[in-house]
$ cat work31.txt   # compact mmCIF, N, CA and C atoms
# COMPACT_ATOMS: atom_id res chain seq x y z
N MET A 643 -54.60 -10.56 -1.78
CA MET A 643 -55.75 -11.40 -1.96
C MET A 643 -55.76 -12.00 -3.36
N LEU A 644 -55.27 -11.25 -4.35
CA LEU A 644 -55.20 -11.75 -5.72
C LEU A 644 -54.24 -12.93 -5.79
N TYR A 645 -53.15 -12.85 -5.06
CA TYR A 645 -52.17 -13.93 -5.03
C TYR A 645 -52.79 -15.20 -4.47
N LEU A 646 -53.56 -15.09 -3.41
CA LEU A 646 -54.22 -16.24 -2.78
C LEU A 646 -55.22 -16.88 -3.73
N SER A 647 -55.97 -16.07 -4.45
CA SER A 647 -56.96 -16.64 -5.38
C SER A 647 -56.27 -17.33 -6.55
N SER A 648 -55.12 -16.83 -6.99
CA SER A 648 -54.41 -17.50 -8.07
C SER A 648 -53.83 -18.83 -7.60
N ILE A 649 -53.39 -18.89 -6.37
CA ILE A 649 -52.89 -20.16 -5.82
C ILE A 649 -54.02 -21.18 -5.76
N LEU A 650 -55.17 -20.74 -5.29
CA LEU A 650 -56.32 -21.64 -5.21
C LEU A 650 -56.75 -22.11 -6.59
N ALA A 651 -56.68 -21.25 -7.60
CA ALA A 651 -57.04 -21.65 -8.96
C ALA A 651 -56.08 -22.71 -9.48
N VAL A 652 -54.81 -22.58 -9.18
CA VAL A 652 -53.82 -23.57 -9.61
C VAL A 652 -54.07 -24.89 -8.92
N VAL A 653 -54.36 -24.85 -7.63
CA VAL A 653 -54.63 -26.07 -6.88
C VAL A 653 -55.87 -26.78 -7.42
N ILE A 654 -56.89 -26.03 -7.71
CA ILE A 654 -58.13 -26.63 -8.24
C ILE A 654 -57.87 -27.24 -9.61
N ALA A 655 -57.11 -26.55 -10.45
CA ALA A 655 -56.81 -27.07 -11.78
C ALA A 655 -55.99 -28.34 -11.69
N GLN A 656 -55.06 -28.41 -10.75
CA GLN A 656 -54.24 -29.60 -10.59
C GLN A 656 -55.05 -30.76 -10.04
N SER A 657 -55.95 -30.47 -9.13
CA SER A 657 -56.72 -31.54 -8.51
C SER A 657 -57.76 -32.12 -9.47
N GLU A 658 -58.19 -31.35 -10.47
CA GLU A 658 -59.15 -31.86 -11.45
C GLU A 658 -58.51 -32.87 -12.39
N GLY A 659 -57.22 -32.69 -12.67
CA GLY A 659 -56.53 -33.58 -13.58
C GLY A 659 -56.24 -34.94 -12.96
N GLY A 660 -56.15 -35.05 -11.73
CA GLY A 660 -55.84 -36.29 -11.04
C GLY A 660 -55.58 -35.99 -9.58
N SER A 661 -55.42 -37.00 -8.81
CA SER A 661 -55.21 -36.78 -7.38
C SER A 661 -53.72 -36.64 -7.12
N SER A 662 -53.35 -35.55 -6.53
CA SER A 662 -51.96 -35.35 -6.14
C SER A 662 -51.95 -34.94 -4.68
N ILE A 663 -50.88 -35.26 -4.02
CA ILE A 663 -50.75 -34.94 -2.60
C ILE A 663 -50.68 -33.42 -2.40
N LEU A 664 -50.09 -32.71 -3.36
CA LEU A 664 -50.02 -31.26 -3.28
C LEU A 664 -51.40 -30.63 -3.36
N GLY A 665 -52.22 -31.18 -4.23
CA GLY A 665 -53.58 -30.68 -4.36
C GLY A 665 -54.40 -30.89 -3.11
N PHE A 666 -54.01 -31.84 -2.30
CA PHE A 666 -54.72 -32.10 -1.05
C PHE A 666 -54.14 -31.28 0.10
N LEU A 667 -52.83 -31.17 0.17
CA LEU A 667 -52.19 -30.52 1.32
C LEU A 667 -52.18 -28.99 1.23
N LEU A 668 -52.09 -28.45 0.04
CA LEU A 668 -52.01 -27.00 -0.09
C LEU A 668 -53.25 -26.27 0.45
N PRO A 669 -54.46 -26.70 0.12
CA PRO A 669 -55.61 -26.01 0.72
C PRO A 669 -55.67 -26.14 2.24
N ILE A 670 -55.25 -27.28 2.75
CA ILE A 670 -55.22 -27.46 4.20
C ILE A 670 -54.19 -26.53 4.83
N ALA A 671 -53.03 -26.39 4.19
CA ALA A 671 -52.00 -25.48 4.70
C ALA A 671 -52.49 -24.03 4.65
N ILE A 672 -53.17 -23.67 3.58
CA ILE A 672 -53.70 -22.30 3.47
C ILE A 672 -54.74 -22.04 4.55
N LEU A 673 -55.63 -22.98 4.76
CA LEU A 673 -56.64 -22.81 5.82
C LEU A 673 -55.99 -22.76 7.19
N GLY A 674 -54.96 -23.57 7.40
CA GLY A 674 -54.25 -23.53 8.67
C GLY A 674 -53.58 -22.18 8.90
N GLY A 675 -52.98 -21.63 7.85
CA GLY A 675 -52.35 -20.31 7.96
C GLY A 675 -53.37 -19.21 8.24
N LEU A 676 -54.50 -19.27 7.57
CA LEU A 676 -55.56 -18.28 7.82
C LEU A 676 -56.11 -18.41 9.23
N PHE A 677 -56.29 -19.64 9.69
CA PHE A 677 -56.75 -19.88 11.05
C PHE A 677 -55.79 -19.26 12.05
N TYR A 678 -54.48 -19.47 11.83
CA TYR A 678 -53.47 -18.91 12.72
C TYR A 678 -53.51 -17.39 12.70
N LEU A 679 -53.56 -16.79 11.52
CA LEU A 679 -53.54 -15.34 11.41
C LEU A 679 -54.79 -14.67 11.97
N LEU A 680 -55.94 -15.29 11.78
CA LEU A 680 -57.20 -14.65 12.18
C LEU A 680 -57.63 -14.96 13.61
N LEU A 681 -57.20 -16.09 14.16
CA LEU A 681 -57.67 -16.47 15.49
C LEU A 681 -56.57 -16.54 16.55
N ILE A 682 -55.52 -17.26 16.26
CA ILE A 682 -54.51 -17.51 17.29
C ILE A 682 -53.64 -16.29 17.55
N LEU A 683 -53.14 -15.66 16.51
CA LEU A 683 -52.26 -14.50 16.68
C LEU A 683 -52.92 -13.34 17.43
N PRO A 684 -54.15 -12.94 17.09
CA PRO A 684 -54.79 -11.87 17.88
C PRO A 684 -55.02 -12.24 19.34
N GLN A 685 -55.34 -13.52 19.60
CA GLN A 685 -55.54 -13.94 20.99
C GLN A 685 -54.24 -13.86 21.77
N ARG A 686 -53.14 -14.23 21.16
CA ARG A 686 -51.84 -14.12 21.83
C ARG A 686 -51.51 -12.66 22.14
N LYS A 687 -51.82 -11.76 21.21
CA LYS A 687 -51.56 -10.34 21.45
C LYS A 687 -52.40 -9.82 22.61
N ARG A 688 -53.68 -10.22 22.67
CA ARG A 688 -54.54 -9.79 23.78
C ARG A 688 -54.03 -10.33 25.11
N ALA A 689 -53.59 -11.59 25.13
CA ALA A 689 -53.09 -12.18 26.36
C ALA A 689 -51.80 -11.48 26.81
N LYS A 690 -50.93 -11.15 25.88
CA LYS A 690 -49.69 -10.45 26.21
C LYS A 690 -49.99 -9.07 26.78
N LYS A 691 -50.94 -8.37 26.17
CA LYS A 691 -51.32 -7.04 26.63
C LYS A 691 -51.93 -7.11 28.04
N ALA A 692 -52.76 -8.11 28.31
CA ALA A 692 -53.36 -8.27 29.63
C ALA A 692 -52.29 -8.58 30.67
N LYS A 693 -51.31 -9.40 30.33
CA LYS A 693 -50.23 -9.72 31.26
C LYS A 693 -49.40 -8.48 31.56
N GLU A 694 -49.11 -7.69 30.53
CA GLU A 694 -48.37 -6.45 30.75
C GLU A 694 -49.14 -5.50 31.66
N LEU A 695 -50.45 -5.43 31.50
CA LEU A 695 -51.28 -4.59 32.37
C LEU A 695 -51.19 -5.06 33.80
N ARG A 696 -51.36 -6.37 34.03
CA ARG A 696 -51.29 -6.90 35.39
C ARG A 696 -49.92 -6.67 36.03
N ASP A 697 -48.86 -6.80 35.23
CA ASP A 697 -47.52 -6.59 35.76
C ASP A 697 -47.23 -5.13 36.06
N SER A 698 -47.91 -4.21 35.40
CA SER A 698 -47.63 -2.78 35.59
C SER A 698 -48.43 -2.17 36.75
N ILE A 699 -49.40 -2.89 37.27
CA ILE A 699 -50.23 -2.34 38.34
C ILE A 699 -49.47 -2.38 39.66
N GLU A 700 -49.53 -1.27 40.38
CA GLU A 700 -48.84 -1.14 41.65
C GLU A 700 -49.83 -0.72 42.73
N VAL A 701 -49.39 -0.82 43.97
CA VAL A 701 -50.20 -0.37 45.10
C VAL A 701 -50.47 1.11 44.94
N GLY A 702 -51.72 1.51 45.09
CA GLY A 702 -52.12 2.90 44.96
C GLY A 702 -52.81 3.20 43.63
N ASN A 703 -52.69 2.31 42.65
CA ASN A 703 -53.36 2.52 41.37
C ASN A 703 -54.86 2.28 41.49
N GLU A 704 -55.63 3.08 40.76
CA GLU A 704 -57.07 2.86 40.69
C GLU A 704 -57.34 1.95 39.50
N ILE A 705 -58.20 0.93 39.70
CA ILE A 705 -58.46 -0.05 38.66
C ILE A 705 -59.96 -0.28 38.50
N ARG A 706 -60.31 -0.94 37.40
CA ARG A 706 -61.67 -1.43 37.17
C ARG A 706 -61.56 -2.91 36.89
N THR A 707 -62.43 -3.70 37.51
CA THR A 707 -62.41 -5.14 37.29
C THR A 707 -63.27 -5.50 36.10
N ILE A 708 -63.19 -6.76 35.67
CA ILE A 708 -64.01 -7.22 34.56
C ILE A 708 -65.49 -7.20 34.92
N GLY A 709 -65.79 -7.15 36.20
CA GLY A 709 -67.18 -7.07 36.65
C GLY A 709 -67.68 -5.65 36.79
N GLY A 710 -66.81 -4.66 36.52
CA GLY A 710 -67.23 -3.26 36.59
C GLY A 710 -67.06 -2.62 37.96
N ILE A 711 -66.30 -3.25 38.84
CA ILE A 711 -66.07 -2.71 40.18
C ILE A 711 -64.83 -1.83 40.14
N TYR A 712 -64.95 -0.61 40.66
CA TYR A 712 -63.84 0.32 40.73
C TYR A 712 -63.25 0.28 42.12
N GLY A 713 -61.93 0.35 42.21
CA GLY A 713 -61.28 0.36 43.50
C GLY A 713 -59.83 0.79 43.37
N THR A 714 -59.20 0.94 44.54
CA THR A 714 -57.80 1.33 44.61
C THR A 714 -57.01 0.18 45.23
N ILE A 715 -55.91 -0.19 44.61
CA ILE A 715 -55.08 -1.29 45.11
C ILE A 715 -54.46 -0.90 46.44
N ARG A 716 -54.67 -1.73 47.46
CA ARG A 716 -54.09 -1.48 48.78
C ARG A 716 -52.96 -2.44 49.10
N SER A 717 -53.04 -3.69 48.64
CA SER A 717 -51.95 -4.65 48.84
C SER A 717 -52.00 -5.69 47.74
N GLU A 718 -50.92 -6.45 47.64
CA GLU A 718 -50.78 -7.41 46.55
C GLU A 718 -50.06 -8.64 47.07
N ASP A 719 -50.50 -9.81 46.62
CA ASP A 719 -49.73 -11.03 46.85
C ASP A 719 -49.56 -11.74 45.51
N ASP A 720 -49.18 -12.99 45.51
CA ASP A 720 -48.84 -13.68 44.26
C ASP A 720 -49.96 -13.68 43.24
N GLU A 721 -51.18 -14.00 43.64
CA GLU A 721 -52.28 -14.17 42.70
C GLU A 721 -53.46 -13.23 42.90
N SER A 722 -53.38 -12.32 43.87
CA SER A 722 -54.55 -11.47 44.12
C SER A 722 -54.14 -10.08 44.58
N PHE A 723 -55.13 -9.18 44.50
CA PHE A 723 -55.02 -7.82 45.00
C PHE A 723 -56.06 -7.63 46.09
N MET A 724 -55.76 -6.80 47.06
CA MET A 724 -56.76 -6.32 48.01
C MET A 724 -57.05 -4.89 47.58
N ILE A 725 -58.33 -4.62 47.24
CA ILE A 725 -58.68 -3.29 46.77
C ILE A 725 -59.61 -2.61 47.77
N ASP A 726 -59.45 -1.30 47.86
CA ASP A 726 -60.30 -0.45 48.69
C ASP A 726 -61.42 0.07 47.80
N LEU A 727 -62.67 -0.19 48.19
CA LEU A 727 -63.82 0.22 47.40
C LEU A 727 -64.37 1.58 47.82
N GLY A 728 -63.87 2.12 48.90
CA GLY A 728 -64.37 3.38 49.42
C GLY A 728 -65.36 3.13 50.53
N GLY A 729 -65.50 4.07 51.43
CA GLY A 729 -66.43 3.94 52.54
C GLY A 729 -66.02 2.87 53.54
N GLY A 730 -64.75 2.54 53.59
CA GLY A 730 -64.26 1.54 54.53
C GLY A 730 -64.42 0.11 54.05
N SER A 731 -64.87 -0.09 52.84
CA SER A 731 -65.04 -1.45 52.30
C SER A 731 -63.81 -1.86 51.50
N SER A 732 -63.49 -3.14 51.61
CA SER A 732 -62.38 -3.65 50.81
C SER A 732 -62.78 -5.02 50.26
N MET A 733 -62.05 -5.44 49.24
CA MET A 733 -62.38 -6.70 48.57
C MET A 733 -61.09 -7.32 48.04
N ARG A 734 -61.01 -8.62 48.13
CA ARG A 734 -59.87 -9.34 47.56
C ARG A 734 -60.30 -9.85 46.18
N ILE A 735 -59.49 -9.56 45.16
CA ILE A 735 -59.80 -10.00 43.80
C ILE A 735 -58.60 -10.71 43.20
N SER A 736 -58.87 -11.52 42.21
CA SER A 736 -57.81 -12.18 41.45
C SER A 736 -57.14 -11.16 40.54
N LYS A 737 -55.85 -11.32 40.31
CA LYS A 737 -55.15 -10.42 39.41
C LYS A 737 -55.72 -10.50 38.00
N ARG A 738 -56.22 -11.65 37.62
CA ARG A 738 -56.81 -11.82 36.29
C ARG A 738 -58.13 -11.06 36.13
N ALA A 739 -58.71 -10.62 37.23
CA ALA A 739 -59.99 -9.91 37.16
C ALA A 739 -59.82 -8.44 36.83
N VAL A 740 -58.60 -7.95 36.78
CA VAL A 740 -58.36 -6.53 36.48
C VAL A 740 -58.54 -6.31 34.99
N SER A 741 -59.43 -5.40 34.65
CA SER A 741 -59.71 -5.09 33.25
C SER A 741 -58.90 -3.91 32.75
N GLU A 742 -58.77 -2.88 33.58
CA GLU A 742 -58.00 -1.71 33.16
C GLU A 742 -57.54 -0.92 34.36
N ARG A 743 -56.50 -0.14 34.15
CA ARG A 743 -56.01 0.79 35.16
C ARG A 743 -56.57 2.15 34.80
N ILE A 744 -57.17 2.81 35.78
CA ILE A 744 -57.75 4.12 35.56
C ILE A 744 -56.65 5.16 35.72
N VAL A 745 -56.44 5.95 34.67
CA VAL A 745 -55.38 6.95 34.67
C VAL A 745 -56.01 8.30 34.97
N ASP A 746 -55.44 8.98 35.93
CA ASP A 746 -55.92 10.31 36.30
C ASP A 746 -55.35 11.31 35.30
N ASP A 747 -56.20 12.09 34.66
CA ASP A 747 -55.77 13.05 33.64
C ASP A 747 -54.99 14.22 34.23
N SER A 748 -55.15 14.49 35.52
CA SER A 748 -54.50 15.65 36.12
C SER A 748 -53.02 15.39 36.38
N GLU A 749 -52.56 14.14 36.26
CA GLU A 749 -51.15 13.84 36.53
C GLU A 749 -50.28 14.16 35.36

$ encode --input "work31.txt" --output "structure tokens"
Amino acid sequence: MLYLSSILAVVIAQSEGGSSILGFLLPIAILGGLFYLLLILPQRKRAKKAKELRDSIEVGNEIRTIGGIYGTIRSEDDESFMIDLGGGSSMRISKRAVSERIVDDSE
């Protein structure tokens, strides 16, 4: 953080003396880098983790959807799962609706 503040101090000092293209582009580049590190990179990690979860789910796994519905996977096609809700009820859900796989501790 000290390094970043010293860079900003140099840019401000240069920009006060006259207009230079470096004094204009450096703060924009720094803000762009911070934007990437704080917003885009974490979102990519979350998306990768969600894709890995969807790819690891198999028939017979117990899952929870983003809506809070618990069920067991009974069948799968390209974009959806058919889940058994218990009591003879079943529901077709999108693969993107799976929030987590419930792991049985006894296994």

$ closest_atom_pairs --input "work31.txt" --of "range 645-731 of chain A" --to "range 736-742 of chain A" --cutoff "8 Å" --atoms "only N, CA and C atoms" --output "tab-separated table"
residue	atom	partner	partner_atom	distance
A:Ala692	CA	A:Val740	C	7.7
A:Leu695	CA	A:Glu742	CA	7.4
A:Arg696	CA	A:Lys737	C	6.3
A:Glu704	C	A:Glu742	C	5.9
A:Ile705	CA	A:Glu742	C	4.5
A:Arg706	C	A:Ser741	N	4.0
A:Thr707	CA	A:Ser741	N	4.0
A:Ile708	N	A:Ala739	C	3.9
A:Gly709	N	A:Ala739	C	6.1
A:Gly710	N	A:Ser741	N	7.6
A:Asp720	C	A:Lys737	N	7.0
A:Glu721	C	A:Lys737	N	4.0
A:Ser722	CA	A:Lys737	N	4.0
A:Phe723	N	A:Lys737	N	4.8
A:Met724	N	A:Ser736	N	7.4

$ write_last_selection --input "work31.txt" --atoms "N, CA and C atoms" --output "mmCIF file, in the frame of the given file"
data_model
loop_
_atom_site.group_PDB
_atom_site.id
_atom_site.type_symbol
_atom_site.label_atom_id
_atom_site.label_comp_id
_atom_site.auth_asym_id
_atom_site.auth_seq_id
_atom_site.Cartn_x
_atom_site.Cartn_y
_atom_site.Cartn_z
ATOM 1 N N ALA A 692 -52.760 -8.110 28.310
ATOM 2 C CA ALA A 692 -53.360 -8.270 29.630
ATOM 3 C C ALA A 692 -52.290 -8.580 30.670
ATOM 4 N N LEU A 695 -50.450 -5.430 31.500
ATOM 5 C CA LEU A 695 -51.280 -4.590 32.370
ATOM 6 C C LEU A 695 -51.190 -5.060 33.800
ATOM 7 N N ARG A 696 -51.360 -6.370 34.030
ATOM 8 C CA ARG A 696 -51.290 -6.900 35.390
ATOM 9 C C ARG A 696 -49.920 -6.670 36.030
ATOM 10 N N GLU A 704 -55.630 3.080 40.760
ATOM 11 C CA GLU A 704 -57.070 2.860 40.690
ATOM 12 C C GLU A 704 -57.340 1.950 39.500
ATOM 13 N N ILE A 705 -58.200 0.930 39.700
ATOM 14 C CA ILE A 705 -58.460 -0.050 38.660
ATOM 15 C C ILE A 705 -59.960 -0.280 38.500
ATOM 16 N N ARG A 706 -60.310 -0.940 37.400
ATOM 17 C CA ARG A 706 -61.670 -1.430 37.170
ATOM 18 C C ARG A 706 -61.560 -2.910 36.890
ATOM 19 N N THR A 707 -62.430 -3.700 37.510
ATOM 20 C CA THR A 707 -62.410 -5.140 37.290
ATOM 21 C C THR A 707 -63.270 -5.500 36.100
ATOM 22 N N ILE A 708 -63.190 -6.760 35.670
ATOM 23 C CA ILE A 708 -64.010 -7.220 34.560
ATOM 24 C C ILE A 708 -65.490 -7.200 34.920
ATOM 25 N N GLY A 709 -65.790 -7.150 36.200
ATOM 26 C CA GLY A 709 -67.180 -7.070 36.650
ATOM 27 C C GLY A 709 -67.680 -5.650 36.790
ATOM 28 N N GLY A 710 -66.810 -4.660 36.520
ATOM 29 C CA GLY A 710 -67.230 -3.260 36.590
ATOM 30 C C GLY A 710 -67.060 -2.620 37.960
ATOM 31 N N ASP A 720 -49.180 -12.990 45.510
ATOM 32 C CA ASP A 720 -48.840 -13.680 44.260
ATOM 33 C C ASP A 720 -49.960 -13.680 43.240
ATOM 34 N N GLU A 721 -51.180 -14.000 43.640
ATOM 35 C CA GLU A 721 -52.280 -14.170 42.700
ATOM 36 C C GLU A 721 -53.460 -13.230 42.900
ATOM 37 N N SER A 722 -53.380 -12.320 43.870
ATOM 38 C CA SER A 722 -54.550 -11.470 44.120
ATOM 39 C C SER A 722 -54.140 -10.080 44.580
ATOM 40 N N PHE A 723 -55.130 -9.180 44.500
ATOM 41 C CA PHE A 723 -55.020 -7.820 45.000
ATOM 42 C C PHE A 723 -56.060 -7.630 46.090
ATOM 43 N N MET A 724 -55.760 -6.800 47.060
ATOM 44 C CA MET A 724 -56.760 -6.320 48.010
ATOM 45 C C MET A 724 -57.050 -4.890 47.580
#

$ atom_distance --input "work31.txt" --atom1 "atom C of Arg734 in chain A" --atom2 "CA of Asp697 in chain A"
16.8 Å

$ atom_distance --input "work31.txt" --atom1 "CA of Ser731 in chain A" --atom2 "CA of Val745 in chain A"
21.8 Å

$ atom_distance --input "work31.txt" --atom1 "atom C of Lys693 in chain A" --atom2 "CA of Arg743 in chain A"
11.9 Å

$ residues_around --input "work31.txt" --residues "Gly702 in chain A" --least-positions-apart "2" --cutoff "7 Å" --atoms "only N, CA and C atoms" --output "MDAnalysis selection string"
chainID A and resid 700 704 714:717

$ select_by_dssp --input "work31.txt" --residues "range 651-748 of chain A" --states "alpha helix (DSSP H)" --output "number ranges by chain"
A: 651-659, 663-677, 683-698

$ closest_residue --input "work31.txt" --among "A:Ile744, A:Leu676, A:Tyr712, A:Asn703" --to "Gly728 in chain A" --atoms "all atoms listed in the file"
A:Tyr712

$ closest_residue --input "work31.txt" --among "A:Ile682, A:Ala671, A:Ile711, A:Ser662" --to "Leu727 in chain A" --atoms "only N, CA and C atoms"
A:Ile711
